[in-house]
file start.tsv (TSV, C-alpha atoms)
chain	number	residue	atom	x	y	z
A	290	MET	CA	-67.03	-263.36	-181.71
A	291	ASP	CA	-65.72	-266.54	-183.36
A	292	THR	CA	-65.07	-264.79	-186.65
A	293	THR	CA	-63.21	-262.01	-184.82
A	294	TRP	CA	-60.91	-264.52	-183.14
A	295	SER	CA	-60.26	-266.39	-186.36
A	296	ALA	CA	-59.44	-263.06	-188.01
A	297	ILE	CA	-57.03	-262.24	-185.18
A	298	PHE	CA	-55.38	-265.68	-185.46
A	299	THR	CA	-55.00	-265.33	-189.21
A	300	GLU	CA	-53.45	-261.90	-188.70
A	301	MET	CA	-51.08	-263.32	-186.09
A	302	GLY	CA	-50.07	-266.25	-188.27
A	303	TRP	CA	-49.20	-264.13	-191.27
A	304	GLY	CA	-47.64	-261.46	-189.07
A	305	MET	CA	-45.31	-264.01	-187.49
A	306	VAL	CA	-44.25	-265.48	-190.83
A	307	THR	CA	-43.44	-262.00	-192.17
A	308	MET	CA	-41.58	-261.13	-188.97
A	309	VAL	CA	-39.40	-264.27	-189.07
A	310	LEU	CA	-38.56	-263.76	-192.77
A	311	ASN	CA	-37.72	-260.07	-192.26
A	312	LEU	CA	-35.58	-260.92	-189.27
A	313	LEU	CA	-33.57	-263.50	-191.21
A	314	LYS	CA	-33.23	-261.07	-194.10
A	315	VAL	CA	-31.66	-258.56	-191.69
A	316	LEU	CA	-29.62	-260.78	-189.41
A	317	ILE	CA	-27.86	-263.13	-191.81
A	318	PRO	CA	-26.22	-260.45	-194.01
A	319	LEU	CA	-25.60	-258.34	-190.89
A	320	MET	CA	-23.80	-261.09	-189.01
A	321	VAL	CA	-21.76	-262.02	-192.10
A	322	GLY	CA	-20.80	-258.34	-192.38
A	323	ILE	CA	-19.82	-258.10	-188.72
A	324	GLU	CA	-17.75	-261.30	-188.92
A	325	LEU	CA	-15.91	-259.83	-191.94
A	326	LEU	CA	-15.31	-256.50	-190.16
A	327	LEU	CA	-13.93	-258.31	-187.11
A	328	HIS	CA	-11.87	-260.82	-189.11
A	329	TYR	CA	-10.15	-258.16	-191.23
A	330	LYS	CA	-9.82	-255.80	-188.22
A	331	VAL	CA	-11.37	-252.98	-190.23
A	332	VAL	CA	-12.03	-250.74	-187.23
A	333	GLU	CA	-8.44	-251.01	-185.98
A	334	ARG	CA	-7.22	-250.15	-189.47
A	335	ILE	CA	-9.28	-247.03	-190.01
A	336	ALA	CA	-8.93	-245.69	-186.47
A	337	PRO	CA	-5.43	-244.12	-186.90
A	338	ARG	CA	-6.68	-242.00	-189.79
A	339	LEU	CA	-9.44	-240.42	-187.77
A	340	GLY	CA	-7.62	-237.73	-185.81
A	341	TRP	CA	-9.89	-235.10	-187.34
A	342	LEU	CA	-12.93	-236.88	-185.94
A	343	CYS	CA	-11.41	-236.83	-182.44
A	344	ARG	CA	-10.80	-233.10	-182.73
A	345	LEU	CA	-14.33	-232.49	-184.04
A	346	LEU	CA	-15.91	-234.45	-181.21
A	347	GLY	CA	-13.42	-233.15	-178.66
A	348	VAL	CA	-12.43	-236.62	-177.41
A	349	GLY	CA	-9.01	-238.11	-176.71
A	350	PRO	CA	-7.42	-240.42	-179.32
A	351	LYS	CA	-7.97	-243.53	-177.17
A	352	THR	CA	-11.72	-243.01	-177.38
A	353	ILE	CA	-11.87	-243.59	-181.12
A	354	ILE	CA	-11.90	-247.42	-181.12
A	355	PRO	CA	-14.79	-247.92	-178.66
A	356	LEU	CA	-16.57	-245.05	-180.41
A	357	LEU	CA	-16.30	-246.67	-183.85
A	358	VAL	CA	-17.08	-250.15	-182.57
A	359	GLY	CA	-20.22	-248.89	-180.80
A	360	LEU	CA	-21.24	-246.73	-183.73
A	361	LEU	CA	-20.86	-249.46	-186.35
A	362	LEU	CA	-21.52	-252.68	-184.47
A	363	GLY	CA	-23.75	-251.70	-181.56
A	364	VAL	CA	-23.70	-251.01	-177.87
A	365	THR	CA	-22.93	-254.58	-176.80
A	366	TYR	CA	-19.67	-254.63	-178.74
A	367	GLY	CA	-19.07	-250.97	-177.82
A	368	ALA	CA	-19.43	-251.73	-174.12
A	369	GLY	CA	-17.02	-254.64	-174.57
A	370	ALA	CA	-14.48	-252.33	-176.20
A	371	ILE	CA	-14.88	-249.71	-173.45
A	372	ALA	CA	-14.47	-252.31	-170.71
A	373	GLU	CA	-11.35	-253.65	-172.46
A	374	ILE	CA	-9.76	-250.17	-172.76
A	375	ASN	CA	-10.64	-249.24	-169.19
A	376	ARG	CA	-8.94	-252.40	-167.97
A	377	ARG	CA	-5.65	-251.31	-169.57
A	378	THR	CA	-5.64	-247.50	-169.39
A	379	PRO	CA	-8.83	-245.93	-168.05
A	380	LEU	CA	-10.49	-243.20	-170.11
A	381	SER	CA	-10.90	-239.82	-168.45
A	382	LYS	CA	-14.27	-238.96	-166.93
A	383	ARG	CA	-14.76	-236.36	-169.63
A	384	ASP	CA	-14.06	-238.81	-172.47
A	385	MET	CA	-16.44	-241.34	-170.91
A	386	ALA	CA	-19.22	-238.75	-170.71
A	387	LEU	CA	-18.67	-237.66	-174.32
A	388	LEU	CA	-18.55	-241.27	-175.47
A	389	GLY	CA	-21.88	-241.85	-173.70
A	390	PHE	CA	-23.42	-238.78	-175.29
A	391	PHE	CA	-22.32	-239.94	-178.70
A	392	LEU	CA	-23.18	-243.62	-178.43
A	393	PHE	CA	-26.56	-243.20	-176.78
A	394	GLY	CA	-27.44	-240.74	-179.53
A	395	CYS	CA	-26.34	-243.12	-182.25
A	396	HIS	CA	-25.18	-246.72	-182.01
A	397	GLY	CA	-25.29	-249.88	-184.09
A	398	ILE	CA	-25.89	-247.76	-187.15
A	399	ILE	CA	-25.55	-250.60	-189.70
A	400	GLU	CA	-27.92	-252.95	-187.90
A	401	THR	CA	-30.57	-250.42	-186.89
A	402	THR	CA	-30.66	-248.64	-190.25
A	403	TYR	CA	-31.15	-251.89	-192.06
A	404	LEU	CA	-33.69	-253.24	-189.55
A	405	PHE	CA	-35.82	-250.09	-189.54
A	406	TRP	CA	-35.51	-249.67	-193.30
A	407	VAL	CA	-36.95	-253.16	-193.75
A	408	ALA	CA	-39.67	-252.17	-191.24
A	409	GLY	CA	-40.56	-249.18	-193.44
A	410	ALA	CA	-38.63	-246.21	-192.02
A	411	SER	CA	-36.56	-243.74	-194.05
A	412	ALA	CA	-32.99	-245.10	-194.12
A	413	LEU	CA	-31.62	-241.60	-194.63
A	414	PHE	CA	-33.25	-240.30	-191.46
A	415	VAL	CA	-32.31	-243.29	-189.32
A	416	SER	CA	-28.67	-243.21	-190.43
A	417	VAL	CA	-27.55	-239.73	-191.50
A	418	LEU	CA	-29.85	-237.58	-189.35
A	419	ARG	CA	-29.16	-239.69	-186.26
A	420	LEU	CA	-25.41	-239.54	-186.81
A	421	LEU	CA	-25.59	-235.80	-187.40
A	422	ILE	CA	-27.52	-235.23	-184.16
A	423	ALA	CA	-25.05	-237.36	-182.18
A	424	VAL	CA	-22.06	-235.50	-183.66
A	425	LEU	CA	-23.61	-232.09	-182.95
A	426	VAL	CA	-24.57	-232.93	-179.37
A	427	THR	CA	-21.15	-234.45	-178.60
A	428	ALA	CA	-19.19	-231.61	-180.23
A	429	ALA	CA	-21.30	-229.03	-178.38
A	430	ALA	CA	-20.89	-230.84	-175.04
A	431	ALA	CA	-17.09	-231.06	-175.53
A	432	ARG	CA	-16.86	-227.31	-176.15
A	433	PHE	CA	-19.07	-226.63	-173.16
A	434	PHE	CA	-16.86	-228.81	-170.92
A	435	ARG	CA	-13.76	-227.02	-172.17
A	436	LEU	CA	-15.33	-223.63	-171.56
A	437	ALA	CA	-16.34	-224.65	-168.03
A	438	GLU	CA	-12.77	-225.84	-167.34
A	439	THR	CA	-11.08	-222.65	-168.55
A	440	ARG	CA	-13.51	-220.60	-166.51
A	441	LYS	CA	-12.59	-222.57	-163.37
A	442	GLU	CA	-8.89	-221.83	-163.93
B	2	MET	CA	-12.48	-274.76	-195.82
B	3	ASN	CA	-10.47	-271.58	-196.30
B	4	ALA	CA	-10.53	-268.65	-193.88
B	5	PHE	CA	-12.92	-266.55	-195.96
B	6	THR	CA	-15.53	-269.32	-196.31
B	7	LYS	CA	-15.24	-269.97	-192.61
B	8	VAL	CA	-15.96	-266.31	-191.82
B	9	ILE	CA	-19.04	-266.37	-194.08
B	10	VAL	CA	-20.36	-269.62	-192.61
B	11	ASP	CA	-19.74	-268.33	-189.08
B	12	GLY	CA	-21.69	-265.21	-189.97
B	13	ILE	CA	-24.67	-267.17	-191.29
B	14	LEU	CA	-24.71	-269.39	-188.21
B	15	ARG	CA	-24.48	-266.37	-185.90
B	16	GLY	CA	-27.37	-264.81	-187.83
B	17	LEU	CA	-29.57	-267.88	-187.36
B	18	LYS	CA	-28.63	-268.19	-183.68
B	19	THR	CA	-29.32	-264.51	-183.05
B	20	ALA	CA	-32.66	-264.79	-184.88
B	21	LEU	CA	-33.71	-267.68	-182.62
B	22	MET	CA	-32.69	-265.73	-179.53
B	23	LEU	CA	-34.52	-262.58	-180.65
B	24	LEU	CA	-37.68	-264.42	-181.69
B	25	ARG	CA	-38.11	-265.65	-178.12
B	26	VAL	CA	-38.84	-262.02	-177.23
B	27	MET	CA	-40.34	-260.81	-180.51
B	28	ILE	CA	-43.06	-263.43	-180.87
B	29	PRO	CA	-44.57	-262.92	-177.38
B	30	VAL	CA	-44.37	-259.12	-177.83
B	31	TYR	CA	-46.06	-259.33	-181.22
B	32	LEU	CA	-48.79	-261.68	-179.97
B	33	CYS	CA	-49.54	-259.52	-176.90
B	34	VAL	CA	-49.67	-256.35	-179.00
B	35	THR	CA	-51.96	-257.95	-181.59
B	36	VAL	CA	-54.41	-259.18	-178.91
B	37	LEU	CA	-54.20	-255.87	-177.02
B	38	LYS	CA	-54.99	-253.97	-180.21
B	39	HIS	CA	-58.35	-255.74	-180.49
B	40	THR	CA	-59.45	-255.03	-176.89
B	41	ALA	CA	-61.50	-252.11	-175.58
B	42	PHE	CA	-58.66	-251.19	-173.20
B	43	PHE	CA	-56.55	-250.33	-176.19
B	44	GLY	CA	-58.91	-247.60	-177.36
B	45	VAL	CA	-58.68	-245.97	-173.94
B	46	LEU	CA	-54.87	-246.22	-173.89
B	47	ALA	CA	-54.43	-244.80	-177.38
B	48	GLY	CA	-56.94	-242.04	-176.61
B	49	ALA	CA	-55.12	-241.09	-173.39
B	50	ALA	CA	-51.72	-241.11	-175.11
B	51	GLY	CA	-53.04	-239.22	-178.12
B	52	PRO	CA	-52.09	-235.72	-176.92
B	53	ALA	CA	-48.58	-236.85	-175.90
B	54	MET	CA	-48.00	-238.55	-179.26
B	55	ARG	CA	-49.30	-235.49	-181.11
B	56	ILE	CA	-46.21	-233.45	-180.16
B	57	PHE	CA	-44.30	-235.91	-182.37
B	58	GLY	CA	-46.98	-235.75	-185.10
B	59	LEU	CA	-47.83	-239.40	-184.35
B	60	PRO	CA	-51.19	-241.20	-184.04
B	61	GLY	CA	-52.23	-242.40	-180.54
B	62	ASP	CA	-51.44	-246.03	-181.51
B	63	ALA	CA	-47.76	-245.11	-181.61
B	64	VAL	CA	-47.70	-245.24	-177.81
B	65	VAL	CA	-47.53	-249.06	-178.07
B	66	PRO	CA	-44.14	-249.38	-179.82
B	67	VAL	CA	-42.75	-246.37	-177.92
B	68	VAL	CA	-43.64	-247.83	-174.50
B	69	THR	CA	-42.73	-251.40	-175.54
B	70	GLY	CA	-39.34	-250.08	-176.63
B	71	ILE	CA	-38.54	-248.78	-173.14
B	72	PHE	CA	-38.42	-252.37	-171.91
B	73	THR	CA	-37.33	-254.36	-174.97
B	74	ASP	CA	-34.70	-253.77	-177.65
B	75	GLU	CA	-34.95	-252.57	-181.26
B	76	TYR	CA	-36.36	-255.92	-182.33
B	77	GLY	CA	-39.17	-255.70	-179.78
B	78	ILE	CA	-40.01	-252.27	-181.17
B	79	VAL	CA	-40.22	-253.62	-184.72
B	80	ALA	CA	-42.36	-256.51	-183.46
B	81	ALA	CA	-44.71	-254.08	-181.69
B	82	MET	CA	-44.86	-251.81	-184.76
B	83	SER	CA	-45.67	-254.66	-187.15
B	84	GLY	CA	-49.04	-255.04	-185.42
B	85	PHE	CA	-50.12	-251.68	-186.90
B	86	ALA	CA	-50.25	-250.05	-190.32
B	87	PHE	CA	-48.17	-246.91	-189.71
B	88	ASP	CA	-47.07	-244.76	-192.63
B	89	LYS	CA	-43.44	-243.99	-193.51
B	90	ALA	CA	-43.34	-240.70	-191.59
B	91	ALA	CA	-44.74	-242.35	-188.44
B	92	ILE	CA	-42.39	-245.36	-188.64
B	93	THR	CA	-39.42	-243.02	-189.10
B	94	THR	CA	-40.43	-240.84	-186.14
B	95	ILE	CA	-41.05	-243.88	-183.90
B	96	ALA	CA	-37.64	-245.23	-184.98
B	97	MET	CA	-35.87	-241.97	-184.10
B	98	ILE	CA	-37.52	-241.74	-180.66
B	99	THR	CA	-37.09	-245.37	-179.68
B	100	LEU	CA	-33.55	-245.70	-181.05
B	101	CYS	CA	-32.58	-243.11	-178.45
B	102	PHE	CA	-34.69	-244.44	-175.61
B	103	HIS	CA	-34.88	-248.25	-175.52
B	104	SER	CA	-33.89	-251.27	-173.39
B	105	ILE	CA	-33.66	-248.94	-170.40
B	106	PRO	CA	-33.39	-251.57	-167.61
B	107	VAL	CA	-30.71	-253.63	-169.37
B	108	GLU	CA	-28.71	-250.77	-170.83
B	109	THR	CA	-28.74	-248.79	-167.56
B	110	LEU	CA	-27.10	-251.80	-165.89
B	111	VAL	CA	-24.54	-252.10	-168.71
B	112	THR	CA	-23.83	-248.36	-168.47
B	113	ARG	CA	-23.11	-248.66	-164.75
B	114	GLN	CA	-21.01	-251.78	-165.37
B	115	ILE	CA	-18.62	-249.95	-167.68
B	116	GLY	CA	-18.36	-247.02	-165.28
B	117	MET	CA	-20.56	-244.34	-166.81
B	118	PRO	CA	-22.95	-242.25	-164.68
B	119	ALA	CA	-25.99	-244.42	-165.42
B	120	TRP	CA	-28.80	-242.17	-164.15
B	121	LYS	CA	-27.51	-239.06	-165.83
B	122	MET	CA	-27.15	-240.99	-169.10
B	123	THR	CA	-30.75	-242.24	-168.86
B	124	VAL	CA	-32.04	-238.70	-168.31
B	125	TYR	CA	-29.92	-237.55	-171.25
B	126	ARG	CA	-31.37	-240.29	-173.46
B	127	LEU	CA	-34.94	-239.37	-172.54
B	128	ALA	CA	-34.34	-235.68	-173.23
B	129	LEU	CA	-32.60	-236.43	-176.53
B	130	ALA	CA	-35.37	-238.85	-177.55
B	131	ILE	CA	-38.05	-236.22	-176.96
B	132	ALA	CA	-36.12	-233.47	-178.76
B	133	THR	CA	-35.27	-235.79	-181.68
B	134	GLY	CA	-38.88	-236.99	-181.83
B	135	VAL	CA	-40.32	-233.49	-182.04
B	136	PHE	CA	-37.79	-232.51	-184.70
B	137	THR	CA	-38.20	-235.70	-186.77
B	138	GLY	CA	-41.98	-235.57	-186.51
B	139	TRP	CA	-41.92	-232.11	-187.97
B	140	LEU	CA	-39.31	-232.91	-190.63
B	141	ALA	CA	-40.85	-236.25	-191.65
B	142	GLY	CA	-44.30	-234.74	-191.98
B	143	TRP	CA	-42.75	-232.16	-194.26
B	144	CYS	CA	-40.61	-234.61	-196.31
B	145	PHE	CA	-42.93	-237.58	-196.96

call {"tool": "encode", "arguments": {"input": "start.tsv", "output": "structure tokens"}}
result
Amino acid sequence: MDTTWSAIFTEMGWGMVTMVLNLLKVLIPLMVGIELLLHYKVVERIAPRLGWLCRLLGVGPKTIIPLLVGLLLGVTYGAGAIAEINRRTPLSKRDMALLGFFLFGCHGIIETTYLFWVAGASALFVSVLRLLIAVLVTAAAARFFRLAETRKE
Amino acid sequence: MNAFTKVIVDGILRGLKTALMLLRVMIPVYLCVTVLKHTAFFGVLAGAAGPAMRIFGLPGDAVVPVVTGIFTDEYGIVAAMSGFAFDKAAITTIAMITLCFHSIPVETLVTRQIGMPAWKMTVYRLALAIATGVFTGWLAGWCF
């Protein structure tokens, strides 16, 4: 029994050291990256060029900033951006639903890809496949909504 | 200090602060999972969850990070996973499932706060997590 416990404690000790080091390895470059993105207003700069993405996803042009912020930086920042936009000019119910479909399918892509890659997952799956699924689901839902609307009229 | 250096330093400090905040959750999760793994109860749990995990091509142990993830965030999932020796396909599948369906209590509240239909979104996330898990399990088993 004693040897078992000492083995468990050794495992825990090493496990914690590895976990702390991996966490710092992920978070420090990530936070530096996010600070740079925010400081140089990268999202605001690329948003106007993304009309095609709005059409593909079937969302209104106002949706693009919270969508990009949530996609790149994570749901906390995304929620902040949505709350901010809603305070000024509320998004339509349809855009909110599509934004939810997209962001719950894929958010914080930089952070999570890096974190799970360090943990041993395939970076390609966690980034590209996840993004692809979110785009497909959102685009399909937008077309379904539109179809339902035209049928009502 | 010029603006660029300040941004970098701010980033490093934010990283350290966030690490401290996350470790308050990760360390207890990791310790609980490691102790749990060595108990007899764990064998029963993994055995019972085995069939459910098999639809994702995962071993029964995978139930621990998947269930932990419902209540914690991505970092809790990684903490719970690091107690086991999963292979690349399993880690990828667990990642795909839990990245869809995690932090349910907190994120449901946030969803309601910003005016989205919270319950519907949670059901959507669960359905998408299951579908993605089945698909990834199949694809990862085939790729790696």

call {"tool": "residues_around", "arguments": {"input": "start.tsv", "residues": "Val424 of chain A", "least_positions_apart": "6", "cutoff": "9 Å", "atoms": "all atoms listed in the file", "output": "ChimeraX atom specification"}}
result
/A:345-346,391,394-395

call {"tool": "write_last_selection", "arguments": {"input": "start.tsv", "atoms": "C-alpha atoms", "output": "CSV table (one decimal), in the coordinates of the input"}}
result
chain,number,residue,atom,x,y,z
A,345,LEU,CA,-14.3,-232.5,-184.0
A,346,LEU,CA,-15.9,-234.4,-181.2
A,391,PHE,CA,-22.3,-239.9,-178.7
A,394,GLY,CA,-27.4,-240.7,-179.5
A,395,CYS,CA,-26.3,-243.1,-182.2

call {"tool": "closest_residue", "arguments": {"input": "start.tsv", "among": "A:Tyr403, A:Phe414, A:Tyr366, A:Trp341", "to": "chain B", "atoms": "all atoms listed in the file"}}
result
A:Phe414

call {"tool": "interface_residues", "arguments": {"input": "start.tsv", "of": "chain B", "to": "chain A", "cutoff": "6 Å", "atoms": "all atoms listed in the file", "output": "count of residues only"}}
result
9

call {"tool": "residues_around", "arguments": {"input": "start.tsv", "residues": "Thr123 of chain B", "least_positions_apart": "4", "cutoff": "10 Å", "atoms": "only C-alpha atoms", "output": "list in words"}}
result
Phe393 of chain A; Cys101, Phe102, His103, Ile105, Pro106, Glu108, Thr109, Thr112, Pro118, Ala119, Leu127, Ala128 and Leu129 of chain B

call {"tool": "closest_residue", "arguments": {"input": "start.tsv", "among": "B:Val107, B:Ala49, B:Ile28, B:Ala4", "to": "Phe72 of chain B", "atoms": "all atoms listed in the file"}}
result
B:Val107
